[in-house]
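Printed here is input-v3.cif (mmCIF, N, CA and C atoms):
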data_input
loop_
_atom_site.label_atom_id
_atom_site.label_comp_id
_atom_site.auth_asym_id
_atom_site.auth_seq_id
_atom_site.Cartn_x
_atom_site.Cartn_y
_atom_site.Cartn_z
N LEU A 1 -28.97 -28.27 23.39
CA LEU A 1 -28.16 -27.11 23.66
C LEU A 1 -28.10 -26.26 22.38
N THR A 2 -28.41 -24.99 22.51
CA THR A 2 -28.40 -24.08 21.38
C THR A 2 -27.39 -22.97 21.64
N LYS A 3 -26.56 -22.68 20.67
CA LYS A 3 -25.57 -21.61 20.75
C LYS A 3 -25.87 -20.58 19.69
N THR A 4 -25.79 -19.33 20.04
CA THR A 4 -25.94 -18.25 19.08
C THR A 4 -24.56 -17.80 18.66
N VAL A 5 -24.34 -17.75 17.37
CA VAL A 5 -23.04 -17.35 16.83
C VAL A 5 -23.25 -16.12 15.96
N ARG A 6 -22.43 -15.11 16.18
CA ARG A 6 -22.45 -13.91 15.35
C ARG A 6 -21.26 -13.95 14.40
N VAL A 7 -21.53 -13.77 13.13
CA VAL A 7 -20.48 -13.82 12.13
C VAL A 7 -20.38 -12.47 11.44
N TRP A 8 -19.26 -11.80 11.64
CA TRP A 8 -18.98 -10.57 10.93
C TRP A 8 -18.41 -10.96 9.57
N PHE A 9 -18.81 -10.28 8.51
CA PHE A 9 -18.30 -10.60 7.19
C PHE A 9 -17.93 -9.31 6.46
N PRO A 10 -16.91 -9.37 5.61
CA PRO A 10 -16.51 -8.16 4.88
C PRO A 10 -17.44 -7.92 3.70
N THR A 11 -17.75 -6.65 3.46
CA THR A 11 -18.49 -6.31 2.25
C THR A 11 -17.45 -6.10 1.14
N LEU A 12 -17.72 -6.65 -0.03
CA LEU A 12 -16.76 -6.60 -1.13
C LEU A 12 -17.24 -5.65 -2.20
N PRO A 13 -16.34 -5.06 -2.98
CA PRO A 13 -14.90 -5.22 -2.87
C PRO A 13 -14.32 -4.33 -1.76
N LEU A 14 -13.17 -4.75 -1.27
CA LEU A 14 -12.41 -3.92 -0.35
C LEU A 14 -11.84 -2.75 -1.16
N LEU A 15 -11.54 -1.65 -0.51
CA LEU A 15 -11.01 -0.48 -1.20
C LEU A 15 -9.51 -0.35 -0.97
N VAL A 16 -8.77 -0.30 -2.06
CA VAL A 16 -7.33 -0.05 -1.98
C VAL A 16 -7.15 1.46 -2.04
N HIS A 17 -6.63 2.04 -0.96
CA HIS A 17 -6.41 3.48 -0.88
C HIS A 17 -4.92 3.75 -1.10
N VAL A 18 -4.60 4.48 -2.18
CA VAL A 18 -3.23 4.88 -2.46
C VAL A 18 -3.08 6.31 -1.96
N ARG A 19 -2.12 6.53 -1.09
CA ARG A 19 -1.95 7.86 -0.47
C ARG A 19 -1.79 8.96 -1.52
N ASP A 20 -1.02 8.72 -2.57
CA ASP A 20 -0.84 9.69 -3.65
C ASP A 20 -1.10 8.97 -4.96
N THR A 21 -2.18 9.33 -5.66
CA THR A 21 -2.56 8.64 -6.89
C THR A 21 -1.86 9.19 -8.13
N GLU A 22 -1.02 10.21 -7.96
CA GLU A 22 -0.20 10.69 -9.08
C GLU A 22 1.26 10.62 -8.67
N LEU A 23 1.99 9.76 -9.37
CA LEU A 23 3.41 9.57 -9.09
C LEU A 23 4.20 10.27 -10.18
N ASN A 24 4.90 11.33 -9.80
CA ASN A 24 5.62 12.15 -10.77
C ASN A 24 7.08 11.77 -10.88
N LEU A 25 7.66 12.21 -11.97
CA LEU A 25 9.09 12.08 -12.18
C LEU A 25 9.80 12.98 -11.16
N VAL A 26 10.85 12.47 -10.53
CA VAL A 26 11.64 13.29 -9.60
C VAL A 26 12.83 13.82 -10.38
N SER A 27 12.87 15.15 -10.56
CA SER A 27 13.93 15.74 -11.39
C SER A 27 15.30 15.58 -10.74
N ASN A 28 16.30 15.41 -11.60
CA ASN A 28 17.70 15.29 -11.19
C ASN A 28 17.97 14.12 -10.25
N TRP A 29 17.19 13.07 -10.39
CA TRP A 29 17.43 11.88 -9.59
C TRP A 29 17.25 10.67 -10.48
N SER A 30 18.32 9.97 -10.75
CA SER A 30 18.23 8.78 -11.59
C SER A 30 18.77 7.59 -10.81
N VAL A 31 18.41 6.41 -11.28
CA VAL A 31 18.82 5.18 -10.63
C VAL A 31 20.14 4.76 -11.25
N SER A 32 21.22 4.79 -10.49
CA SER A 32 22.55 4.50 -11.03
C SER A 32 22.67 3.06 -11.51
N THR A 33 21.93 2.14 -10.93
CA THR A 33 22.02 0.74 -11.34
C THR A 33 21.27 0.48 -12.63
N SER A 34 20.49 1.44 -13.10
CA SER A 34 19.71 1.26 -14.33
C SER A 34 20.21 2.17 -15.44
N CYS A 35 21.50 2.46 -15.46
CA CYS A 35 22.10 3.31 -16.50
C CYS A 35 21.43 4.67 -16.59
N GLY A 36 21.16 5.28 -15.48
CA GLY A 36 20.60 6.62 -15.47
C GLY A 36 19.13 6.71 -15.83
N SER A 37 18.38 5.66 -15.62
CA SER A 37 16.94 5.72 -15.93
C SER A 37 16.23 6.64 -14.94
N PRO A 38 15.13 7.25 -15.36
CA PRO A 38 14.44 8.20 -14.48
C PRO A 38 13.86 7.55 -13.23
N ARG A 39 13.74 8.35 -12.20
CA ARG A 39 13.20 7.88 -10.92
C ARG A 39 11.85 8.56 -10.69
N TYR A 40 10.84 7.79 -10.32
CA TYR A 40 9.51 8.31 -10.06
C TYR A 40 9.19 8.21 -8.57
N GLN A 41 8.19 8.96 -8.16
CA GLN A 41 7.78 8.96 -6.76
C GLN A 41 7.25 7.60 -6.34
N ARG A 42 7.16 7.44 -5.03
CA ARG A 42 6.57 6.25 -4.41
C ARG A 42 5.39 6.69 -3.56
N SER A 43 4.50 5.74 -3.29
CA SER A 43 3.36 6.04 -2.43
C SER A 43 2.98 4.79 -1.65
N SER A 44 2.60 4.99 -0.42
CA SER A 44 2.13 3.86 0.39
C SER A 44 0.66 3.61 0.08
N LEU A 45 0.23 2.39 0.33
CA LEU A 45 -1.17 2.06 0.12
C LEU A 45 -1.72 1.27 1.29
N TYR A 46 -3.04 1.32 1.39
CA TYR A 46 -3.75 0.65 2.47
C TYR A 46 -4.98 -0.01 1.88
N VAL A 47 -5.42 -1.09 2.49
CA VAL A 47 -6.63 -1.78 2.04
C VAL A 47 -7.64 -1.73 3.18
N PHE A 48 -8.77 -1.06 2.91
CA PHE A 48 -9.82 -0.90 3.91
C PHE A 48 -11.09 -1.61 3.46
N GLY A 49 -11.86 -2.02 4.43
CA GLY A 49 -13.14 -2.64 4.14
C GLY A 49 -14.07 -2.49 5.33
N LEU A 50 -15.30 -2.84 5.09
CA LEU A 50 -16.29 -2.81 6.16
C LEU A 50 -16.62 -4.23 6.57
N LEU A 51 -16.58 -4.48 7.86
CA LEU A 51 -17.09 -5.73 8.41
C LEU A 51 -18.52 -5.45 8.83
N ALA A 52 -19.41 -6.33 8.45
CA ALA A 52 -20.83 -6.10 8.73
C ALA A 52 -21.41 -7.26 9.52
N LEU A 53 -22.35 -6.90 10.38
CA LEU A 53 -23.15 -7.86 11.14
C LEU A 53 -24.53 -7.24 11.24
N GLY A 54 -25.42 -7.68 10.37
CA GLY A 54 -26.75 -7.07 10.35
C GLY A 54 -26.63 -5.61 9.96
N GLN A 55 -27.15 -4.73 10.80
CA GLN A 55 -27.09 -3.29 10.53
C GLN A 55 -25.80 -2.65 11.05
N MET A 56 -25.02 -3.38 11.81
CA MET A 56 -23.77 -2.84 12.36
C MET A 56 -22.65 -2.99 11.34
N GLN A 57 -21.81 -1.95 11.23
CA GLN A 57 -20.66 -1.98 10.35
C GLN A 57 -19.46 -1.38 11.06
N GLN A 58 -18.30 -1.89 10.75
CA GLN A 58 -17.06 -1.40 11.35
C GLN A 58 -15.99 -1.37 10.27
N GLN A 59 -15.33 -0.20 10.08
CA GLN A 59 -14.25 -0.12 9.10
C GLN A 59 -13.01 -0.79 9.67
N VAL A 60 -12.34 -1.59 8.82
CA VAL A 60 -11.19 -2.36 9.26
C VAL A 60 -10.06 -2.19 8.24
N ASP A 61 -8.84 -2.12 8.72
CA ASP A 61 -7.66 -2.07 7.85
C ASP A 61 -7.22 -3.51 7.58
N PHE A 62 -7.37 -3.95 6.33
CA PHE A 62 -7.02 -5.31 5.92
C PHE A 62 -5.64 -5.40 5.29
N THR A 63 -4.88 -4.31 5.28
CA THR A 63 -3.62 -4.24 4.54
C THR A 63 -2.70 -5.42 4.83
N ASP A 64 -2.40 -5.66 6.09
CA ASP A 64 -1.46 -6.73 6.44
C ASP A 64 -1.95 -8.11 6.00
N LEU A 65 -3.25 -8.29 5.91
CA LEU A 65 -3.80 -9.60 5.54
C LEU A 65 -3.76 -9.87 4.04
N VAL A 66 -3.80 -8.81 3.21
CA VAL A 66 -3.93 -9.03 1.77
C VAL A 66 -2.78 -8.44 0.94
N VAL A 67 -1.86 -7.69 1.55
CA VAL A 67 -0.84 -6.98 0.77
C VAL A 67 -0.02 -7.92 -0.11
N ALA A 68 0.26 -9.11 0.32
CA ALA A 68 1.07 -10.04 -0.47
C ALA A 68 0.33 -10.53 -1.71
N SER A 69 -0.98 -10.40 -1.75
CA SER A 69 -1.77 -10.87 -2.89
C SER A 69 -2.19 -9.76 -3.85
N LEU A 70 -1.87 -8.51 -3.52
CA LEU A 70 -2.25 -7.40 -4.40
C LEU A 70 -1.44 -7.44 -5.69
N GLN A 71 -2.07 -6.98 -6.78
CA GLN A 71 -1.40 -6.96 -8.07
C GLN A 71 -1.60 -5.61 -8.75
N VAL A 72 -0.57 -5.19 -9.47
CA VAL A 72 -0.66 -4.00 -10.30
C VAL A 72 -1.20 -4.47 -11.66
N THR A 73 -2.27 -3.84 -12.14
CA THR A 73 -2.88 -4.30 -13.41
C THR A 73 -1.99 -4.02 -14.61
N ASN A 74 -1.11 -3.02 -14.52
CA ASN A 74 -0.16 -2.73 -15.59
C ASN A 74 1.22 -2.61 -14.96
N GLY A 75 1.93 -3.72 -14.90
CA GLY A 75 3.21 -3.79 -14.22
C GLY A 75 4.33 -3.00 -14.87
N THR A 76 4.15 -2.52 -16.11
CA THR A 76 5.18 -1.69 -16.71
C THR A 76 5.09 -0.25 -16.20
N VAL A 77 3.92 0.16 -15.73
CA VAL A 77 3.70 1.53 -15.26
C VAL A 77 4.16 1.69 -13.81
N ALA A 78 3.90 0.71 -12.98
CA ALA A 78 4.26 0.81 -11.56
C ALA A 78 4.56 -0.58 -11.02
N SER A 79 5.33 -0.62 -9.95
CA SER A 79 5.62 -1.88 -9.29
C SER A 79 5.19 -1.77 -7.83
N LEU A 80 4.94 -2.91 -7.25
CA LEU A 80 4.46 -2.96 -5.88
C LEU A 80 5.39 -3.85 -5.07
N GLN A 81 5.92 -3.29 -3.99
CA GLN A 81 6.74 -4.07 -3.08
C GLN A 81 6.18 -3.86 -1.69
N GLY A 82 5.55 -4.90 -1.17
CA GLY A 82 4.86 -4.76 0.10
C GLY A 82 3.71 -3.79 -0.10
N ALA A 83 3.63 -2.79 0.76
CA ALA A 83 2.56 -1.79 0.66
C ALA A 83 3.08 -0.48 0.08
N VAL A 84 4.14 -0.55 -0.74
CA VAL A 84 4.71 0.64 -1.37
C VAL A 84 4.64 0.49 -2.89
N LEU A 85 4.00 1.47 -3.53
CA LEU A 85 3.85 1.51 -4.97
C LEU A 85 4.88 2.48 -5.54
N THR A 86 5.62 2.04 -6.57
CA THR A 86 6.67 2.87 -7.17
C THR A 86 6.39 3.04 -8.65
N GLY A 87 6.42 4.29 -9.13
CA GLY A 87 6.26 4.54 -10.55
C GLY A 87 7.44 4.01 -11.34
N GLN A 88 7.17 3.47 -12.55
CA GLN A 88 8.23 2.91 -13.41
C GLN A 88 8.34 3.67 -14.73
N THR A 89 7.19 4.01 -15.32
CA THR A 89 7.14 4.74 -16.58
C THR A 89 5.76 5.39 -16.68
N THR A 90 5.59 6.31 -17.60
CA THR A 90 4.32 7.02 -17.69
C THR A 90 3.18 6.10 -18.09
N GLY A 91 2.01 6.40 -17.57
CA GLY A 91 0.81 5.62 -17.87
C GLY A 91 -0.12 5.59 -16.67
N ALA A 92 -1.10 4.71 -16.75
CA ALA A 92 -2.07 4.57 -15.66
C ALA A 92 -2.26 3.10 -15.33
N THR A 93 -2.57 2.84 -14.08
CA THR A 93 -2.79 1.47 -13.64
C THR A 93 -3.73 1.45 -12.44
N HIS A 94 -4.20 0.28 -12.09
CA HIS A 94 -5.00 0.06 -10.89
C HIS A 94 -4.31 -1.00 -10.05
N ILE A 95 -4.65 -1.05 -8.79
CA ILE A 95 -4.19 -2.10 -7.89
C ILE A 95 -5.42 -2.94 -7.58
N SER A 96 -5.29 -4.26 -7.67
CA SER A 96 -6.46 -5.10 -7.42
C SER A 96 -6.06 -6.43 -6.81
N LEU A 97 -7.06 -7.13 -6.34
CA LEU A 97 -6.92 -8.47 -5.80
C LEU A 97 -8.15 -9.25 -6.25
N THR A 98 -7.93 -10.31 -6.99
CA THR A 98 -9.03 -11.16 -7.44
C THR A 98 -8.77 -12.59 -6.98
N ARG A 99 -9.84 -13.31 -6.76
CA ARG A 99 -9.78 -14.73 -6.40
C ARG A 99 -10.89 -15.45 -7.15
N GLY A 100 -10.53 -16.40 -7.98
CA GLY A 100 -11.53 -17.18 -8.71
C GLY A 100 -12.45 -16.32 -9.56
N GLY A 101 -11.92 -15.25 -10.15
CA GLY A 101 -12.72 -14.36 -10.97
C GLY A 101 -13.53 -13.33 -10.19
N LEU A 102 -13.48 -13.39 -8.86
CA LEU A 102 -14.22 -12.45 -8.02
C LEU A 102 -13.29 -11.31 -7.60
N LEU A 103 -13.74 -10.07 -7.80
CA LEU A 103 -12.95 -8.91 -7.40
C LEU A 103 -13.05 -8.74 -5.89
N ILE A 104 -11.93 -8.88 -5.21
CA ILE A 104 -11.88 -8.77 -3.75
C ILE A 104 -11.53 -7.35 -3.32
N ALA A 105 -10.57 -6.72 -4.04
CA ALA A 105 -10.13 -5.37 -3.68
C ALA A 105 -9.70 -4.63 -4.93
N THR A 106 -9.91 -3.30 -4.94
CA THR A 106 -9.48 -2.49 -6.09
C THR A 106 -9.33 -1.04 -5.68
N THR A 107 -8.59 -0.29 -6.50
CA THR A 107 -8.49 1.15 -6.31
C THR A 107 -9.71 1.80 -6.93
N ALA A 108 -10.23 2.84 -6.29
CA ALA A 108 -11.38 3.56 -6.83
C ALA A 108 -10.98 4.39 -8.04
N LEU A 109 -9.79 4.98 -7.99
CA LEU A 109 -9.27 5.80 -9.08
C LEU A 109 -8.00 5.18 -9.61
N PRO A 110 -7.67 5.42 -10.89
CA PRO A 110 -6.40 4.89 -11.39
C PRO A 110 -5.22 5.63 -10.77
N VAL A 111 -4.10 4.95 -10.69
CA VAL A 111 -2.85 5.58 -10.28
C VAL A 111 -2.17 6.01 -11.57
N VAL A 112 -1.82 7.30 -11.65
CA VAL A 112 -1.22 7.86 -12.85
C VAL A 112 0.25 8.13 -12.58
N VAL A 113 1.10 7.64 -13.48
CA VAL A 113 2.53 7.94 -13.41
C VAL A 113 2.81 8.96 -14.51
N SER A 114 3.37 10.10 -14.11
CA SER A 114 3.49 11.24 -15.00
C SER A 114 4.94 11.69 -15.15
N ASP A 115 5.26 12.23 -16.34
CA ASP A 115 6.58 12.80 -16.58
C ASP A 115 6.67 14.25 -16.13
N VAL A 116 5.61 14.77 -15.50
CA VAL A 116 5.67 16.12 -14.93
C VAL A 116 6.63 16.04 -13.75
N ALA A 117 7.74 16.78 -13.87
CA ALA A 117 8.81 16.66 -12.88
C ALA A 117 8.50 17.44 -11.61
N VAL A 118 8.91 16.86 -10.50
CA VAL A 118 8.85 17.53 -9.20
C VAL A 118 10.27 17.56 -8.65
N ASN A 119 10.54 18.52 -7.80
CA ASN A 119 11.85 18.64 -7.18
C ASN A 119 11.79 18.10 -5.76
N ALA A 120 12.82 17.38 -5.38
CA ALA A 120 12.93 16.93 -3.99
C ALA A 120 13.31 18.14 -3.15
N THR A 121 12.50 18.47 -2.16
CA THR A 121 12.78 19.62 -1.31
C THR A 121 13.37 19.22 0.04
N LEU A 122 13.25 17.96 0.39
CA LEU A 122 13.77 17.51 1.67
C LEU A 122 14.26 16.08 1.52
N LEU A 123 15.47 15.86 1.93
CA LEU A 123 16.04 14.52 1.95
C LEU A 123 16.55 14.29 3.35
N GLN A 124 15.99 13.31 4.00
CA GLN A 124 16.35 13.03 5.38
C GLN A 124 17.11 11.71 5.42
N VAL A 125 18.33 11.76 5.93
CA VAL A 125 19.18 10.58 5.97
C VAL A 125 19.64 10.36 7.40
N SER A 126 19.57 9.13 7.84
CA SER A 126 20.08 8.76 9.15
C SER A 126 21.13 7.68 8.94
N VAL A 127 22.33 7.93 9.39
CA VAL A 127 23.41 6.97 9.24
C VAL A 127 23.63 6.29 10.59
N LEU A 128 23.63 4.98 10.55
CA LEU A 128 23.86 4.19 11.76
C LEU A 128 25.16 3.44 11.54
N SER A 129 26.17 3.77 12.32
CA SER A 129 27.47 3.13 12.12
C SER A 129 27.72 2.03 13.14
N GLN A 130 27.05 2.10 14.28
CA GLN A 130 27.26 1.08 15.28
C GLN A 130 26.05 1.01 16.18
N LEU A 131 25.73 -0.18 16.59
CA LEU A 131 24.60 -0.37 17.51
C LEU A 131 25.01 -1.41 18.54
N ASN A 132 24.92 -1.02 19.80
CA ASN A 132 25.21 -1.92 20.90
C ASN A 132 23.92 -2.19 21.65
N VAL A 133 23.62 -3.44 21.85
CA VAL A 133 22.43 -3.81 22.61
C VAL A 133 22.90 -4.56 23.84
N VAL A 134 22.49 -4.06 24.99
CA VAL A 134 22.85 -4.69 26.24
C VAL A 134 21.58 -5.19 26.89
N SER A 135 21.59 -6.44 27.23
CA SER A 135 20.43 -7.03 27.89
C SER A 135 20.84 -7.42 29.30
N SER A 136 20.02 -7.05 30.21
CA SER A 136 20.32 -7.45 31.59
C SER A 136 19.05 -7.99 32.22
N SER A 137 19.21 -9.00 32.98
CA SER A 137 18.05 -9.53 33.71
C SER A 137 18.34 -9.37 35.20
N SER A 138 17.33 -8.96 35.87
CA SER A 138 17.53 -8.79 37.31
C SER A 138 16.60 -9.75 38.05
N THR A 139 17.07 -10.22 39.13
CA THR A 139 16.26 -11.11 39.95
C THR A 139 16.00 -10.42 41.28
N LEU A 140 14.86 -10.64 41.79
CA LEU A 140 14.49 -10.04 43.06
C LEU A 140 14.79 -10.94 44.19
#
Rewrite the structure from the file as structure tokens, please.
Amino acid sequence: LTKTVRVWFPTLPLLVHVRDTELNLVSNWSVSTSCGSPRYQRSSLYVFGLLALGQMQQQVDFTDLVVASLQVTNGTVASLQGAVLTGQTTGATHISLTRGGLLIATTALPVVVSDVAVNATLLQVSVLSQLNVVSSSSTL
């Protein structure tokens, strides 16, 4: 009995895509818990790669599979919580994932945290004071 098995495999390295690669200082907004330290922008990130099978390729979003293993190469410049990158101080950094010395994922361009101030033009707040959930089951 012979079985044919097709194995799709990712081409490495995977690409870490940061939605905004320049995180600026947000003017007139400081973190009250940090004695008035400056606040920088945040950006979401995604990890994409190609799955290949012979000549066939398919782009795949690997974010949920690898986000917990991503690392900021310069943790003083930015921090990573889940798939959200937050500027900490001026400088540049990359996001990467390595295993056993092998580069699995990286940013193509550095993420730059800048003291060039931007103004917040829109702040959207939703206040939820109470939530009632009613569940009903009906039988036929």
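You will find atom C of Ala108 (chain A) at 22.6 Å from CA of Phe9 (chain A).
With all atoms listed in the file as the basis for measurement, A:Gln71 is the residue among A:Asn119, A:Thr76, A:Gln71, A:Ser43 that approaches His94 (chain A) most closely.
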Pull out every residue that the PyMOL selection byres ((chain A and resi 10) around 7) matches in the shown coordinates and put them as a PyMOL selection string. chain A and resi 8-9+11-12+49-52
Could you list the residues chosen by the PyMOL selection byres ((chain A and resi 61) around 6.5) in this structure as a list in words? Val47, Phe48, Gly49, Gln59, Val60, Phe62, Thr63, Asp64 and Leu65 of chain A
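Minimum atom-to-atom distance to Thr73 (chain A), evaluated using all atoms listed in the file, belongs to A:Thr93 out of A:Gln58, A:Thr93, A:Tyr46, A:Gly87.
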Could you tell me which residues the PyMOL selection byres ((chain A and resi 120) around 8) grabs in this file, written as a list in words? Leu25, Val26, Ser27, Asn28, Trp29, Ala117, Val118, Asn119, Thr121, Leu122 and Leu123 of chain A
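Put simply, atom N of Leu85 (chain A) is 5.5 Å away from CA of Arg42 (chain A).
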Since the input lacks atoms, please generate all heavy atoms for region 96-106 of chain A and provide them as a PDB file, in the frame of the given file.
ATOM      1  N   SER A  96      -5.290  -4.260  -7.670  1.00  0.00           N
ATOM      2  CA  SER A  96      -6.460  -5.100  -7.420  1.00  0.00           C
ATOM      3  C   SER A  96      -6.060  -6.430  -6.810  1.00  0.00           C
ATOM      4  O   SER A  96      -4.893  -6.810  -6.787  1.00  0.00           O
ATOM      5  CB  SER A  96      -7.227  -5.341  -8.725  1.00  0.00           C
ATOM      6  OG  SER A  96      -6.430  -6.080  -9.627  1.00  0.00           O
ATOM      7  N   LEU A  97      -7.060  -7.130  -6.340  1.00  0.00           N
ATOM      8  CA  LEU A  97      -6.920  -8.470  -5.800  1.00  0.00           C
ATOM      9  C   LEU A  97      -8.150  -9.250  -6.250  1.00  0.00           C
ATOM     10  O   LEU A  97      -9.279  -8.856  -5.983  1.00  0.00           O
ATOM     11  CB  LEU A  97      -6.849  -8.444  -4.270  1.00  0.00           C
ATOM     12  CG  LEU A  97      -6.975  -9.781  -3.539  1.00  0.00           C
ATOM     13  CD1 LEU A  97      -5.860 -10.735  -3.941  1.00  0.00           C
ATOM     14  CD2 LEU A  97      -6.970  -9.566  -2.047  1.00  0.00           C
ATOM     15  N   THR A  98      -7.930 -10.310  -6.990  1.00  0.00           N
ATOM     16  CA  THR A  98      -9.030 -11.160  -7.440  1.00  0.00           C
ATOM     17  C   THR A  98      -8.770 -12.590  -6.980  1.00  0.00           C
ATOM     18  O   THR A  98      -7.636 -13.026  -6.852  1.00  0.00           O
ATOM     19  CB  THR A  98      -9.186 -11.143  -8.976  1.00  0.00           C
ATOM     20  OG1 THR A  98      -7.951 -11.546  -9.574  1.00  0.00           O
ATOM     21  CG2 THR A  98      -9.565  -9.769  -9.484  1.00  0.00           C
ATOM     22  N   ARG A  99      -9.840 -13.310  -6.760  1.00  0.00           N
ATOM     23  CA  ARG A  99      -9.780 -14.730  -6.400  1.00  0.00           C
ATOM     24  C   ARG A  99     -10.890 -15.450  -7.150  1.00  0.00           C
ATOM     25  O   ARG A  99     -12.057 -15.105  -7.003  1.00  0.00           O
ATOM     26  CB  ARG A  99      -9.994 -14.941  -4.901  1.00  0.00           C
ATOM     27  CG  ARG A  99      -8.807 -14.605  -4.063  1.00  0.00           C
ATOM     28  CD  ARG A  99      -7.763 -15.725  -4.162  1.00  0.00           C
ATOM     29  NE  ARG A  99      -6.701 -15.507  -3.224  1.00  0.00           N
ATOM     30  CZ  ARG A  99      -5.542 -14.940  -3.541  1.00  0.00           C
ATOM     31  NH1 ARG A  99      -5.322 -14.511  -4.740  1.00  0.00           N
ATOM     32  NH2 ARG A  99      -4.613 -14.802  -2.628  1.00  0.00           N
ATOM     33  N   GLY A 100     -10.530 -16.400  -7.980  1.00  0.00           N
ATOM     34  CA  GLY A 100     -11.530 -17.180  -8.710  1.00  0.00           C
ATOM     35  C   GLY A 100     -12.450 -16.320  -9.560  1.00  0.00           C
ATOM     36  O   GLY A 100     -13.635 -16.611  -9.677  1.00  0.00           O
ATOM     37  N   GLY A 101     -11.920 -15.250 -10.150  1.00  0.00           N
ATOM     38  CA  GLY A 101     -12.720 -14.360 -10.970  1.00  0.00           C
ATOM     39  C   GLY A 101     -13.530 -13.330 -10.190  1.00  0.00           C
ATOM     40  O   GLY A 101     -14.191 -12.494 -10.778  1.00  0.00           O
ATOM     41  N   LEU A 102     -13.480 -13.390  -8.860  1.00  0.00           N
ATOM     42  CA  LEU A 102     -14.220 -12.450  -8.020  1.00  0.00           C
ATOM     43  C   LEU A 102     -13.290 -11.310  -7.600  1.00  0.00           C
ATOM     44  O   LEU A 102     -12.176 -11.551  -7.130  1.00  0.00           O
ATOM     45  CB  LEU A 102     -14.748 -13.159  -6.769  1.00  0.00           C
ATOM     46  CG  LEU A 102     -15.505 -12.306  -5.754  1.00  0.00           C
ATOM     47  CD1 LEU A 102     -16.789 -11.754  -6.366  1.00  0.00           C
ATOM     48  CD2 LEU A 102     -15.829 -13.130  -4.518  1.00  0.00           C
ATOM     49  N   LEU A 103     -13.740 -10.070  -7.800  1.00  0.00           N
ATOM     50  CA  LEU A 103     -12.950  -8.910  -7.400  1.00  0.00           C
ATOM     51  C   LEU A 103     -13.050  -8.740  -5.890  1.00  0.00           C
ATOM     52  O   LEU A 103     -14.117  -8.486  -5.354  1.00  0.00           O
ATOM     53  CB  LEU A 103     -13.467  -7.650  -8.112  1.00  0.00           C
ATOM     54  CG  LEU A 103     -12.719  -6.366  -7.821  1.00  0.00           C
ATOM     55  CD1 LEU A 103     -11.280  -6.448  -8.327  1.00  0.00           C
ATOM     56  CD2 LEU A 103     -13.440  -5.190  -8.461  1.00  0.00           C
ATOM     57  N   ILE A 104     -11.930  -8.880  -5.210  1.00  0.00           N
ATOM     58  CA  ILE A 104     -11.880  -8.770  -3.750  1.00  0.00           C
ATOM     59  C   ILE A 104     -11.530  -7.350  -3.320  1.00  0.00           C
ATOM     60  O   ILE A 104     -12.085  -6.828  -2.370  1.00  0.00           O
ATOM     61  CB  ILE A 104     -10.842  -9.762  -3.160  1.00  0.00           C
ATOM     62  CG1 ILE A 104     -11.128 -11.191  -3.613  1.00  0.00           C
ATOM     63  CG2 ILE A 104     -10.791  -9.652  -1.646  1.00  0.00           C
ATOM     64  CD1 ILE A 104     -12.430 -11.765  -3.125  1.00  0.00           C
ATOM     65  N   ALA A 105     -10.570  -6.720  -4.040  1.00  0.00           N
ATOM     66  CA  ALA A 105     -10.130  -5.370  -3.680  1.00  0.00           C
ATOM     67  C   ALA A 105      -9.700  -4.630  -4.930  1.00  0.00           C
ATOM     68  O   ALA A 105      -9.170  -5.232  -5.862  1.00  0.00           O
ATOM     69  CB  ALA A 105      -8.979  -5.430  -2.681  1.00  0.00           C
ATOM     70  N   THR A 106      -9.910  -3.300  -4.940  1.00  0.00           N
ATOM     71  CA  THR A 106      -9.480  -2.490  -6.090  1.00  0.00           C
ATOM     72  C   THR A 106      -9.330  -1.040  -5.680  1.00  0.00           C
ATOM     73  O   THR A 106      -9.860  -0.614  -4.660  1.00  0.00           O
ATOM     74  CB  THR A 106     -10.484  -2.604  -7.256  1.00  0.00           C
ATOM     75  OG1 THR A 106      -9.935  -1.950  -8.397  1.00  0.00           O
ATOM     76  CG2 THR A 106     -11.814  -1.981  -6.910  1.00  0.00           C
TER      77      THR A 106
END
